[in-house]
>>> print(open('final_34.csv').read())   # CSV, C-alpha atoms and all ligand atoms
chain,number,residue,atom,x,y,z
S,1,MET,CA,79.2,15.0,127.1
S,2,ILE,CA,82.5,14.2,128.7
S,3,ASP,CA,83.9,16.8,131.0
S,4,SER,CA,87.6,16.1,131.3
S,5,GLU,CA,89.6,13.1,130.1
S,6,VAL,CA,89.7,12.9,126.3
S,7,SER,CA,92.6,10.5,125.8
S,8,GLY,CA,92.2,8.3,128.8
S,9,ASN,CA,95.5,9.9,130.1
S,10,GLU,CA,96.3,13.1,131.9
S,11,PHE,CA,95.0,15.4,129.2
S,12,VAL,CA,92.4,17.9,130.4
S,13,PRO,CA,90.9,20.2,127.7
S,14,ASP,CA,91.6,23.8,128.5
S,15,ASP,CA,88.8,26.2,129.2
S,16,SER,CA,88.6,27.9,125.8
S,17,ASP,CA,86.2,27.9,122.9
S,18,ASN,CA,89.2,27.9,120.6
S,19,PRO,CA,89.9,24.2,119.9
S,20,PHE,CA,93.6,24.8,119.3
S,21,VAL,CA,93.8,26.3,122.8
S,22,ALA,CA,91.5,23.8,124.3
S,23,PHE,CA,93.4,20.7,122.9
S,24,ARG,CA,96.8,22.3,122.7
S,25,ARG,CA,98.4,19.8,125.0
S,26,MET,CA,97.6,17.0,122.5
S,27,LEU,CA,99.4,18.8,119.7
S,28,ALA,CA,102.9,18.0,118.4
S,29,TRP,CA,103.2,21.8,118.0
S,30,ASP,CA,102.9,22.3,121.7
S,31,VAL,CA,105.7,19.8,122.4
S,32,LEU,CA,107.9,21.6,119.9
S,33,ALA,CA,107.1,25.0,121.4
S,34,ALA,CA,107.8,23.8,124.9
S,35,SER,CA,111.1,22.3,123.8
S,36,SER,CA,112.1,25.7,122.4
S,37,GLY,CA,111.7,27.1,126.0
S,38,MET,CA,108.2,28.6,125.8
S,39,SER,CA,106.1,28.4,129.0
S,40,ASP,CA,102.5,27.2,128.8
S,41,ASP,CA,101.2,30.7,129.1
S,42,GLU,CA,103.4,31.8,126.2
S,43,ARG,CA,102.3,28.9,124.1
S,44,ARG,CA,98.7,29.7,124.7
S,45,SER,CA,99.2,33.4,123.9
S,46,PHE,CA,101.1,32.4,120.7
S,47,ILE,CA,98.1,30.5,119.5
S,48,GLU,CA,95.6,33.2,120.5
S,49,GLY,CA,97.7,35.9,118.9
S,50,THR,CA,97.9,34.0,115.6
S,51,ASP,CA,94.2,33.2,115.8
S,52,ALA,CA,93.4,36.9,116.2
S,53,LEU,CA,95.4,37.7,113.0
S,54,VAL,CA,93.4,35.0,111.2
S,55,ALA,CA,90.1,36.4,112.5
S,56,ALA,CA,91.0,39.8,111.2
S,57,VAL,CA,91.1,38.4,107.6
S,58,ALA,CA,88.6,35.6,107.8
S,59,GLY,CA,85.9,37.3,109.9
S,60,THR,CA,86.2,34.5,112.5
S,61,GLY,CA,89.0,32.8,114.4
S,62,PHE,CA,88.9,29.1,115.2
S,63,ARG,CA,86.0,28.2,117.4
S,64,PHE,CA,84.2,24.9,118.2
S,65,THR,CA,81.8,24.2,115.3
S,66,PRO,CA,78.3,22.9,116.0
S,67,VAL,CA,77.3,19.2,116.0
S,68,ALA,CA,73.7,18.1,116.3
S,69,ARG,CA,71.3,15.3,115.5
S,70,GLU,CA,69.5,16.2,112.4
S,71,SER,CA,66.0,14.9,112.8
S,72,ARG,CA,64.7,15.3,109.3
S,73,LEU,CA,67.8,13.7,107.8
S,74,SER,CA,67.6,10.9,110.4
S,75,ASP,CA,63.9,10.3,109.6
S,76,GLU,CA,64.4,10.3,105.9
S,77,LEU,CA,67.1,7.6,106.2
S,78,GLY,CA,64.8,5.5,108.4
S,79,PHE,CA,66.6,5.8,111.8
S,80,SER,CA,64.7,5.1,115.0
S,81,ALA,CA,64.4,7.7,117.8
S,82,SER,CA,67.4,6.1,119.6
S,83,GLY,CA,69.6,6.2,116.6
S,84,GLY,CA,70.2,8.9,114.0
S,85,VAL,CA,72.6,11.1,112.1
S,86,TRP,CA,74.8,13.6,113.9
S,87,VAL,CA,76.1,16.3,111.6
S,88,LYS,CA,79.3,18.2,112.5
S,89,ASP,CA,78.9,21.5,110.6
S,90,GLU,CA,82.3,22.8,109.5
S,91,THR,CA,80.9,25.4,107.1
S,92,PRO,CA,81.3,28.2,109.8
S,93,ASN,CA,84.9,27.3,110.3
S,94,VAL,CA,87.7,29.7,109.1
S,95,ALA,CA,87.5,29.8,105.3
S,96,GLY,CA,84.4,27.7,105.1
S,97,SER,CA,85.8,24.2,105.6
S,98,HIS,CA,87.9,22.1,107.9
S,99,LYS,CA,91.0,22.7,105.7
S,100,ALA,CA,92.2,25.7,107.7
S,101,ARG,CA,92.5,23.4,110.8
S,102,HIS,CA,95.2,21.4,109.0
S,103,LEU,CA,96.9,24.6,107.8
S,104,PHE,CA,96.8,26.3,111.2
S,105,THR,CA,99.4,23.9,112.8
S,106,GLU,CA,101.6,24.4,109.7
S,107,LEU,CA,101.4,28.1,110.2
S,108,LEU,CA,102.0,27.9,113.9
S,109,HIS,CA,105.1,25.8,113.2
S,110,LEU,CA,106.5,28.2,110.6
S,111,LEU,CA,105.9,31.2,112.9
S,112,LEU,CA,107.4,29.5,115.9
S,113,ALA,CA,110.5,28.4,113.9
S,114,GLU,CA,110.9,32.0,112.6
S,115,SER,CA,110.4,33.7,116.0
S,116,ARG,CA,112.6,31.3,117.9
S,117,GLY,CA,115.5,31.6,115.4
S,118,LEU,CA,115.0,28.0,114.3
S,119,ALA,CA,114.3,28.7,110.6
S,120,PRO,CA,116.9,29.6,108.0
S,121,TRP,CA,115.0,32.9,107.3
S,122,ASP,CA,113.6,35.8,109.2
S,123,ALA,CA,110.4,37.9,108.8
S,124,SER,CA,112.0,40.0,106.0
S,125,SER,CA,113.3,37.0,103.9
S,126,ARG,CA,110.5,34.5,104.1
S,127,PRO,CA,110.4,31.9,101.3
S,128,GLU,CA,107.1,31.7,99.4
S,129,LEU,CA,104.4,29.2,100.5
S,130,ALA,CA,103.1,26.8,98.0
S,131,ILE,CA,100.0,24.7,97.6
S,132,ALA,CA,98.4,22.6,94.9
S,133,SER,CA,94.6,23.0,95.1
S,134,CYS,CA,91.7,24.7,93.5
S,135,GLY,CA,89.2,24.4,96.2
S,136,ASN,CA,88.7,24.7,100.0
S,137,ALA,CA,92.4,24.0,100.7
S,138,ALA,CA,93.6,26.8,98.4
S,139,ILE,CA,91.2,29.3,100.0
S,140,ALA,CA,92.1,28.3,103.5
S,141,ALA,CA,95.9,28.4,102.8
S,142,SER,CA,95.6,31.8,101.1
S,143,THR,CA,93.5,33.1,104.0
S,144,LEU,CA,96.0,32.1,106.6
S,145,ALA,CA,98.9,33.4,104.4
S,146,ALA,CA,97.1,36.8,104.1
S,147,ALA,CA,96.6,36.9,107.8
S,148,VAL,CA,100.3,36.9,108.4
S,149,ARG,CA,101.3,38.7,105.1
S,150,TRP,CA,103.2,35.7,103.9
S,151,PRO,CA,103.5,35.3,100.1
S,152,ILE,CA,101.8,32.2,98.6
S,153,ARG,CA,101.7,30.6,95.2
S,154,VAL,CA,98.7,28.4,94.4
S,155,PHE,CA,99.0,25.7,91.7
S,156,VAL,CA,95.6,25.3,90.0
S,157,PRO,CA,94.3,23.3,87.0
S,158,GLN,CA,94.5,25.0,83.6
S,159,SER,CA,90.7,25.3,83.5
S,160,ALA,CA,90.3,26.8,87.0
S,161,ASP,CA,87.9,29.8,87.1
S,162,GLY,CA,84.9,31.1,89.0
S,163,VAL,CA,84.5,32.0,92.6
S,164,VAL,CA,87.5,30.1,93.9
S,165,VAL,CA,89.9,31.9,91.6
S,166,ASP,CA,88.2,35.2,92.3
S,167,THR,CA,88.6,34.6,96.1
S,168,LEU,CA,92.3,33.6,95.7
S,169,ASN,CA,92.9,36.8,93.8
S,170,LEU,CA,91.2,38.9,96.5
S,171,LEU,CA,93.4,37.2,99.1
S,172,GLY,CA,96.5,38.2,97.1
S,173,ALA,CA,97.7,34.7,96.2
S,174,VAL,CA,99.8,34.2,93.1
S,175,ILE,CA,97.9,31.8,90.8
S,176,GLU,CA,99.9,29.4,88.6
S,177,ARG,CA,97.9,27.4,86.1
S,178,CYS,CA,99.2,23.9,85.4
S,179,PRO,CA,98.4,22.3,82.0
S,180,ARG,CA,99.7,18.7,81.6
S,181,ARG,CA,103.1,19.0,79.8
S,182,ASP,CA,104.6,16.5,77.3
S,183,GLY,CA,106.7,14.1,79.3
S,184,ASP,CA,104.9,14.6,82.6
S,185,PRO,CA,104.7,11.4,84.6
S,186,ALA,CA,101.3,10.1,85.8
S,187,GLY,CA,99.6,12.1,88.4
S,188,ASP,CA,98.1,15.6,88.9
S,189,PRO,CA,100.2,18.2,87.0
S,190,CYS,CA,99.4,20.8,89.8
S,191,VAL,CA,101.1,18.5,92.3
S,192,LEU,CA,104.0,18.0,89.9
S,193,ARG,CA,104.6,21.7,89.5
S,194,PHE,CA,104.0,22.3,93.3
S,195,ARG,CA,106.7,19.7,94.1
S,196,GLU,CA,109.1,21.3,91.6
S,197,ARG,CA,108.6,24.7,93.3
S,198,VAL,CA,109.1,23.1,96.8
S,199,ALA,CA,112.4,21.5,95.5
S,200,ALA,CA,113.4,25.0,94.5
S,201,GLY,CA,112.9,26.4,98.0
S,202,ALA,CA,109.2,27.1,98.5
S,203,VAL,CA,107.6,25.9,101.8
S,204,PRO,CA,104.9,23.2,101.2
S,205,PHE,CA,101.7,24.7,102.7
S,206,GLY,CA,99.2,22.1,101.7
S,207,VAL,CA,96.9,19.6,103.3
S,208,GLN,CA,98.7,16.3,102.4
S,209,GLY,CA,100.7,14.7,105.2
S,210,THR,CA,103.2,13.4,102.6
S,211,GLU,CA,104.1,17.0,101.7
S,212,ASN,CA,103.9,18.6,105.2
S,213,ALA,CA,103.2,16.3,108.1
S,214,TRP,CA,102.3,19.3,110.3
S,215,CYS,CA,98.9,19.3,108.6
S,216,LEU,CA,98.1,16.0,110.3
S,217,ASP,CA,98.7,17.6,113.7
S,218,GLY,CA,95.9,20.1,113.4
S,219,GLY,CA,93.7,17.7,111.5
S,220,ARG,CA,93.1,15.8,114.7
S,221,VAL,CA,91.5,18.7,116.5
S,222,ILE,CA,88.1,18.2,114.9
S,223,GLY,CA,88.1,14.6,116.2
S,224,TRP,CA,88.9,15.7,119.8
S,225,GLU,CA,86.3,18.4,119.5
S,226,LEU,CA,83.7,15.7,118.5
S,227,VAL,CA,84.6,13.5,121.4
S,228,HIS,CA,84.5,16.5,123.7
S,229,GLN,CA,81.1,17.6,122.4
S,230,LEU,CA,79.4,14.2,122.2
S,231,GLY,CA,81.3,11.8,124.4
S,232,THR,CA,83.8,9.0,123.7
S,233,ASP,CA,81.5,6.4,122.4
S,234,ALA,CA,78.5,8.4,121.4
S,235,LEU,CA,78.7,7.3,117.7
S,236,ALA,CA,78.9,3.8,116.3
S,237,LYS,CA,80.3,5.0,113.0
S,238,MET,CA,82.0,8.2,111.9
S,239,ILE,CA,81.6,8.4,108.1
S,240,VAL,CA,84.1,10.7,106.4
S,241,GLN,CA,84.7,11.6,102.8
S,242,VAL,CA,88.2,11.0,101.5
S,243,GLY,CA,90.3,12.8,98.9
S,244,GLY,CA,93.9,13.0,99.8
S,245,GLY,CA,93.1,11.3,103.1
S,246,ALA,CA,94.4,13.8,105.7
S,247,PHE,CA,90.8,14.7,106.9
S,248,ALA,CA,89.9,11.0,107.7
S,249,ALA,CA,93.4,10.4,109.0
S,250,GLY,CA,93.0,13.2,111.5
S,251,ILE,CA,89.5,12.3,112.7
S,252,GLY,CA,90.4,8.6,112.8
S,253,GLU,CA,93.6,9.1,114.8
S,254,ALA,CA,91.9,11.5,117.3
S,255,LEU,CA,89.1,8.9,117.9
S,256,VAL,CA,91.6,6.1,118.4
S,257,LEU,CA,93.8,8.2,120.7
S,258,SER,CA,90.7,9.2,122.7
S,259,GLY,CA,90.0,5.5,123.4
S,260,SER,CA,86.8,5.7,121.4
S,261,ARG,CA,85.2,2.6,119.9
S,262,THR,CA,83.6,4.6,117.0
S,263,ALA,CA,84.4,2.9,113.7
S,264,LEU,CA,85.9,5.1,111.0
S,265,VAL,CA,84.2,4.6,107.6
S,266,ALA,CA,86.0,6.2,104.7
S,267,VAL,CA,83.9,7.3,101.7
S,268,GLN,CA,85.1,7.7,98.1
S,269,ALA,CA,83.0,8.2,95.0
S,270,GLN,CA,83.0,5.5,92.4
S,271,GLY,CA,84.6,7.8,89.9
S,272,CYS,CA,87.9,7.9,92.0
S,273,ALA,CA,88.4,5.3,94.7
S,274,PRO,CA,92.1,4.5,95.1
S,275,LEU,CA,91.8,4.1,98.9
S,276,GLU,CA,89.3,1.2,98.7
S,277,ARG,CA,91.6,-0.4,96.2
S,278,ALA,CA,94.6,0.1,98.5
S,279,TRP,CA,92.6,-1.4,101.4
S,280,ARG,CA,91.9,-4.5,99.4
S,281,MET,CA,95.5,-4.8,98.2
S,282,ALA,CA,96.8,-4.3,101.7
S,283,ALA,CA,94.5,-7.0,103.1
S,284,LYS,CA,96.0,-9.4,100.4
S,285,THR,CA,99.6,-8.4,101.0
S,286,GLY,CA,100.0,-8.7,104.7
S,287,GLY,CA,97.2,-6.8,106.4
S,288,THR,CA,95.5,-3.4,106.4
S,289,ALA,CA,97.6,-2.1,109.3
S,290,ASN,CA,101.1,-0.7,108.8
S,291,ALA,CA,101.0,-1.0,105.1
S,292,GLY,CA,103.4,1.8,104.4
S,293,PRO,CA,106.3,-0.4,103.3
S,294,ARG,CA,103.9,-2.0,100.8
S,295,TRP,CA,103.1,1.4,99.2
S,296,ALA,CA,104.0,0.3,95.6
S,297,GLN,CA,101.8,-2.8,95.9
S,298,CYS,CA,98.8,-0.9,97.3
S,299,MET,CA,98.6,2.7,96.2
S,300,TRP,CA,99.0,4.2,92.7
S,301,PRO,CA,97.2,6.9,90.8
S,302,TRP,CA,93.7,6.2,89.7
S,303,GLU,CA,94.0,5.3,86.0
S,304,SER,CA,90.8,6.8,84.5
S,305,GLU,CA,89.9,10.5,84.6
S,306,PRO,CA,88.5,11.0,88.1
S,307,VAL,CA,84.9,12.2,87.9
S,308,SER,CA,82.2,13.1,90.5
S,309,LEU,CA,79.9,16.0,91.5
S,310,ALA,CA,82.0,15.9,94.7
S,311,ASP,CA,85.0,17.3,92.8
S,312,GLY,CA,87.0,18.1,96.0
S,313,ILE,CA,87.6,14.4,96.7
S,314,LEU,CA,89.0,13.5,93.2
S,315,ASP,CA,92.6,13.2,94.3
S,316,ASP,CA,94.0,10.5,92.0
S,317,GLU,CA,96.1,9.2,94.9
S,318,THR,CA,95.0,9.0,98.5
S,319,TYR,CA,98.3,10.4,99.8
S,320,ASP,CA,97.6,9.7,103.5
S,321,TRP,CA,96.1,6.3,102.9
S,322,VAL,CA,98.4,4.5,105.4
S,323,ALA,CA,97.1,6.5,108.3
S,324,VAL,CA,93.5,6.1,107.1
S,325,CYS,CA,93.9,2.3,106.8
S,326,ASP,CA,95.6,2.2,110.2
S,327,ALA,CA,92.7,4.1,111.8
S,328,MET,CA,90.1,2.0,110.0
S,329,THR,CA,91.9,-1.2,111.2
S,330,LYS,CA,92.2,-0.1,114.8
S,331,SER,CA,88.6,1.1,114.9
S,332,ALA,CA,87.0,-1.9,113.1
S,333,GLY,CA,86.0,0.5,110.3
S,334,PHE,CA,86.1,0.0,106.6
S,335,PRO,CA,86.0,1.9,103.2
S,336,VAL,CA,82.8,2.4,101.2
S,337,VAL,CA,82.6,3.4,97.5
S,338,SER,CA,79.4,5.3,96.7
S,339,PRO,CA,77.9,5.2,93.2
S,340,GLU,CA,77.6,8.7,91.7
S,341,SER,CA,73.8,8.5,92.1
S,342,ASP,CA,74.3,8.5,95.9
S,343,VAL,CA,76.7,11.4,95.7
S,344,VAL,CA,74.1,13.4,93.9
S,345,ALA,CA,71.3,12.2,96.2
S,346,ALA,CA,73.3,13.2,99.3
S,347,TYR,CA,73.8,16.8,98.1
S,348,ALA,CA,70.0,17.1,97.5
S,349,MET,CA,69.2,15.4,100.8
S,350,ALA,CA,71.5,17.6,102.8
S,351,HIS,CA,69.8,20.7,101.4
S,352,ARG,CA,66.3,19.2,101.7
S,353,THR,CA,66.6,18.1,105.3
S,354,THR,CA,69.1,20.6,107.0
S,355,SER,CA,69.7,24.3,106.8
S,356,ILE,CA,73.5,23.8,106.2
S,357,ASP,CA,74.6,25.4,102.9
S,358,VAL,CA,77.1,22.6,102.1
S,359,SER,CA,78.8,21.8,98.9
S,360,PRO,CA,78.6,18.4,97.1
S,361,THR,CA,82.1,17.5,98.3
S,362,GLY,CA,81.1,18.5,101.8
S,363,SER,CA,78.0,16.2,101.7
S,364,ALA,CA,79.9,13.3,100.3
S,365,GLY,CA,80.2,11.6,103.6
S,366,LEU,CA,76.4,11.4,103.6
S,367,ALA,CA,76.6,9.6,100.2
S,368,GLY,CA,78.5,6.9,102.0
S,369,LEU,CA,75.8,6.6,104.6
S,370,ILE,CA,73.1,6.4,101.9
S,371,THR,CA,75.1,3.6,100.3
S,372,LEU,CA,75.4,1.8,103.6
S,373,CYS,CA,71.7,2.2,104.3
S,374,ALA,CA,70.8,0.8,100.9
S,375,SER,CA,72.8,-2.3,101.6
S,376,GLU,CA,71.6,-2.6,105.2
S,377,ARG,CA,75.0,-2.2,106.7
S,378,VAL,CA,73.7,0.4,109.1
S,379,ASN,CA,71.2,-0.5,111.9
S,380,PRO,CA,68.2,2.0,112.3
S,381,SER,CA,69.1,2.3,116.0
S,382,GLU,CA,72.7,3.2,115.4
S,383,ARG,CA,74.1,6.7,116.0
S,384,VAL,CA,76.3,7.7,113.1
S,385,GLY,CA,78.2,10.9,112.4
S,386,VAL,CA,79.1,12.8,109.2
S,387,VAL,CA,80.9,16.1,108.7
S,388,PHE,CA,79.4,18.7,106.4
S,389,SER,CA,82.6,20.6,105.5
S,390,GLY,CA,82.9,23.0,102.6
S,391,VAL,CA,80.4,25.8,102.1
S,392,ARG,CA,78.7,25.8,98.7
S,393,ARG,CA,80.5,28.4,96.5
S,394,GLY,CA,79.1,29.6,93.2
S,395,LEU,CA,77.2,26.4,92.6
S,396,ASP,CA,73.5,26.0,91.8
S,397,LEU,CA,71.3,24.6,94.6
S,398,PRO,CA,70.5,21.0,94.0
S,399,THR,CA,67.3,20.3,92.1
S,400,PRO,CA,64.6,19.2,94.6
S,401,ARG,CA,64.0,15.4,94.4
F,1,LIG,C1,84.8,19.7,102.0
F,1,LIG,C2,85.8,18.7,101.9
F,1,LIG,N1,85.6,17.5,102.6
F,1,LIG,C3,86.6,16.6,102.5
F,1,LIG,C4,87.7,16.7,101.7
F,1,LIG,C5,88.7,15.6,101.7
F,1,LIG,O1,89.8,15.9,102.5
F,1,LIG,P1,91.1,15.1,102.2
F,1,LIG,O2,91.7,15.6,100.9
F,1,LIG,O3,92.0,15.4,103.4
F,1,LIG,O4,90.8,13.6,102.2
F,1,LIG,C6,87.9,17.9,101.0
F,1,LIG,C7,89.2,18.1,100.3
F,1,LIG,O5,89.3,19.0,99.4
F,1,LIG,C8,87.0,18.9,101.1
F,1,LIG,O6,87.1,20.1,100.5
>>> encode(input="final_34.csv", output="structure tokens")
Amino acid sequence: MIDSEVSGNEFVPDDSDNPFVAFRRMLAWDVLAASSGMSDDERRSFIEGTDALVAAVAGTGFRFTPVARESRLSDELGFSASGGVWVKDETPNVAGSHKARHLFTELLHLLLAESRGLAPWDASSRPELAIASCGNAAIAASTLAAAVRWPIRVFVPQSADGVVVDTLNLLGAVIERCPRRDGDPAGDPCVLRFRERVAAGAVPFGVQGTENAWCLDGGRVIGWELVHQLGTDALAKMIVQVGGGAFAAGIGEALVLSGSRTALVAVQAQGCAPLERAWRMAAKTGGTANAGPRWAQCMWPWESEPVSLADGILDDETYDWVAVCDAMTKSAGFPVVSPESDVVAAYAMAHRTTSIDVSPTGSAGLAGLITLCASERVNPSERVGVVFSGVRRGLDLPTPR
């Protein structure tokens, strides 16, 4: 466990069990708040005050989430005593997944802009928040919005129902169903309708850096937390499931900024793997780093209907692919595409070998590890990390195998 330097520079984590307080000096939000004239104490209080509002609705504020070597999981995958699988458990985080971390820096930004007179509205004339999601992100966004009584509209697929929709209703979100319309261009109709609403004045409150870059700020906190808890080079590989890409981008950037040599491995399911395709295309067209200017050559929506049990990572485009490819390049990482059988096996294995009540999306990073083990791309003495994020909601437990 490291005790002070996280970035190899002057940064010293604050003495707090709230990661947004502990790592605040690494946040872009903190720089903005300081430039608006707030003192360090005021910035700290601002985060703590907002966190208390979140805790009143969510039942918990932001606190370090546990990470531990899971011995039964490590044994089952054939790791030796010196190696193994470290699982970061994000299921106790606000709203049951890491998504609220991304959204918290968006919320801090909005509240700061409003309170410092930097926004074109005040507390009585707030524009609606908007998000396209029907999963963990929608629940996290609606939880934070409810905490500060800010109206939110959630764009969901036509067929959405069940516990997520019930939860959104309880949190007071306006739900807008999005069937594909004649003449819609390629891509997710929820994202299309969301973008129309944003063009009409709503504030993007989602978890894609392309729509609101403030989500990438808070997404890094989980990576700094990992480094703080385990040490800079504790893990050889950090294996992260990828949908829109902000999650892996945040962890990867935090590791790189911390001076860690842990390799970022980005996992997608075979039924939707636009990131791995982009990685190959980028390698062919000038390299996997700084590929943003080659967007059209590398990233386009997945053509066939995305399918997987891990339905939270079926974004037909990896919106934050440039940042993920940069972090993989800098960390000597790579993408892995898992066959659906490994996605299913990972969900069952997670429940068989750990006590974490994780969803199939949340255990999809483990699917990547299973795929790597099967092709002997992981050494039994390696220490590898995965994040179980996303509590199981209204799903059957996996069938024992
Ligand atoms: C539990 C869980 N893990 C990972 C992801 C992927 O995150 P991202 O879309 O930022 O790649 C999601 C997205 O919904 C998720 O819900």
>>> closest_residue(input="final_34.csv", among="S:Ser260, S:Ser133, S:Gln158, S:Thr329", to="S:Asp315", atoms="all atoms listed in the file")
S:Ser133
>>> residues_near_ligand(input="final_34.csv", ligand="ligand LIG 1 (chain F)", cutoff="10 Å", atoms="all atoms listed in the file", output="PyMOL selection string")
chain S and resi 90-91+96-99+102+133-138+206-209+215-216+219+240-250+266-268+310-315+317-321+324+358-365+387-392
>>> closest_residue(input="final_34.csv", among="S:Pro398, S:Gly286, S:Gly117, S:Gly252", to="S:Ala332", atoms="all atoms listed in the file")
S:Gly252
>>> atom_distance(input="final_34.csv", atom1="atom CA of S:Val336", atom2="atom CA of S:Ser82")
24.3 Å
>>> atom_distance(input="final_34.csv", atom1="atom CA of S:Met238", atom2="atom CA of S:Val67")
12.6 Å
>>> closest_residue(input="final_34.csv", among="S:Ala132, S:Pro127, S:Ser35, S:Ser142", to="S:Asp188", atoms="only C-alpha atoms")
S:Ala132
>>> atom_distance(input="final_34.csv", atom1="atom CA of S:Asp51", atom2="atom CA of S:Pro120")
24.3 Å
>>> closest_residue(input="final_34.csv", among="S:Leu73, S:Met299, S:Ala52, S:Val384", to="S:Asp233", atoms="only C-alpha atoms")
S:Val384
>>> residues_near_point(input="final_34.csv", point="(106.5, 17.8, 106.9)", cutoff="12 Å", atoms="only C-alpha atoms", output="PyMOL selection string")
chain S and resi 103+105-107+109-110+198+203-217
>>> closest_residue(input="final_34.csv", among="S:Phe104, S:Trp302, S:Phe334, S:Phe194", to="S:Leu129", atoms="only C-alpha atoms")
S:Phe194
>>> residues_around(input="final_34.csv", residues="S:Val85", least_positions_apart="5", cutoff="7 Å", atoms="all atoms listed in the file", output="ChimeraX atom specification")
/S:69-70,73-74,383-385
>>> residues_around(input="final_34.csv", residues="S:Val156", least_positions_apart="5", cutoff="12 Å", atoms="all atoms listed in the file", output="list in words")
Ala130, Ile131, Ala132, Ser133, Cys134, Gly135, Ala137, Ala138, Ile139, Asp161, Val164, Val165, Leu168, Ala173, Val174, Ile175, Glu176, Arg177, Cys178, Pro179, Arg180, Asp188, Pro189, Cys190, Val191, Leu192, Arg193 and Phe194 of chain S
>>> residues_around(input="final_34.csv", residues="S:Val21", least_positions_apart="6", cutoff="8 Å", atoms="all atoms listed in the file", output="PyMOL selection string")
chain S and resi 14+44+47-48
>>> residues_around(input="final_34.csv", residues="S:Phe20", least_positions_apart="3", cutoff="8 Å", atoms="only C-alpha atoms", output="PyMOL selection string")
chain S and resi 23-24+47+62+218+221
>>> residues_around(input="final_34.csv", residues="S:Val265", least_positions_apart="6", cutoff="6 Å", atoms="all atoms listed in the file", output="PyMOL selection string")
chain S and resi 239+333-335
>>> write_last_selection(input="final_34.csv", atoms="C-alpha atoms", output="compact mmCIF listing (two decimals), in the frame of the given file")
# COMPACT_ATOMS: atom_id res chain seq x y z
CA ILE S 239 81.60 8.40 108.10
CA GLY S 333 86.00 0.50 110.30
CA PHE S 334 86.10 0.00 106.60
CA PRO S 335 86.00 1.90 103.20
>>> build_atoms(input="final_34.csv", residues="stretch 224-238 of chain S", atoms="N, CA and C atoms", output="compact mmCIF listing (two decimals), in the frame of the given file")
# COMPACT_ATOMS: atom_id res chain seq x y z
N TRP S 224 88.98 15.45 118.30
CA TRP S 224 88.90 15.70 119.80
C TRP S 224 87.72 16.53 120.11
N GLU S 225 87.44 17.48 119.23
CA GLU S 225 86.30 18.40 119.50
C GLU S 225 85.00 17.54 119.48
N LEU S 226 84.88 16.61 118.53
CA LEU S 226 83.70 15.70 118.50
C LEU S 226 83.55 14.92 119.74
N VAL S 227 84.67 14.33 120.18
CA VAL S 227 84.60 13.50 121.40
C VAL S 227 84.24 14.37 122.59
N HIS S 228 84.78 15.56 122.64
CA HIS S 228 84.50 16.50 123.70
C HIS S 228 83.01 16.88 123.73
N GLN S 229 82.46 17.10 122.52
CA GLN S 229 81.10 17.60 122.40
C GLN S 229 80.06 16.45 122.66
N LEU S 230 80.38 15.23 122.18
CA LEU S 230 79.40 14.20 122.20
C LEU S 230 79.64 13.07 123.22
N GLY S 231 80.91 12.88 123.55
CA GLY S 231 81.30 11.80 124.40
C GLY S 231 82.10 10.76 123.64
N THR S 232 82.83 9.92 124.38
CA THR S 232 83.80 9.00 123.70
C THR S 232 83.16 8.02 122.80
N ASP S 233 82.06 7.43 123.24
CA ASP S 233 81.50 6.40 122.40
C ASP S 233 80.05 6.70 121.98
N ALA S 234 79.82 8.00 121.73
CA ALA S 234 78.50 8.40 121.40
C ALA S 234 78.07 7.86 120.00
N LEU S 235 79.03 7.70 119.11
CA LEU S 235 78.70 7.30 117.70
C LEU S 235 79.22 5.89 117.46
N ALA S 236 78.42 5.11 116.73
CA ALA S 236 78.90 3.80 116.30
C ALA S 236 79.82 3.90 115.11
N LYS S 237 79.48 4.81 114.23
CA LYS S 237 80.30 5.00 113.00
C LYS S 237 80.50 6.48 112.75
N MET S 238 81.71 6.85 112.34
CA MET S 238 82.00 8.20 111.90
C MET S 238 82.30 8.05 110.37
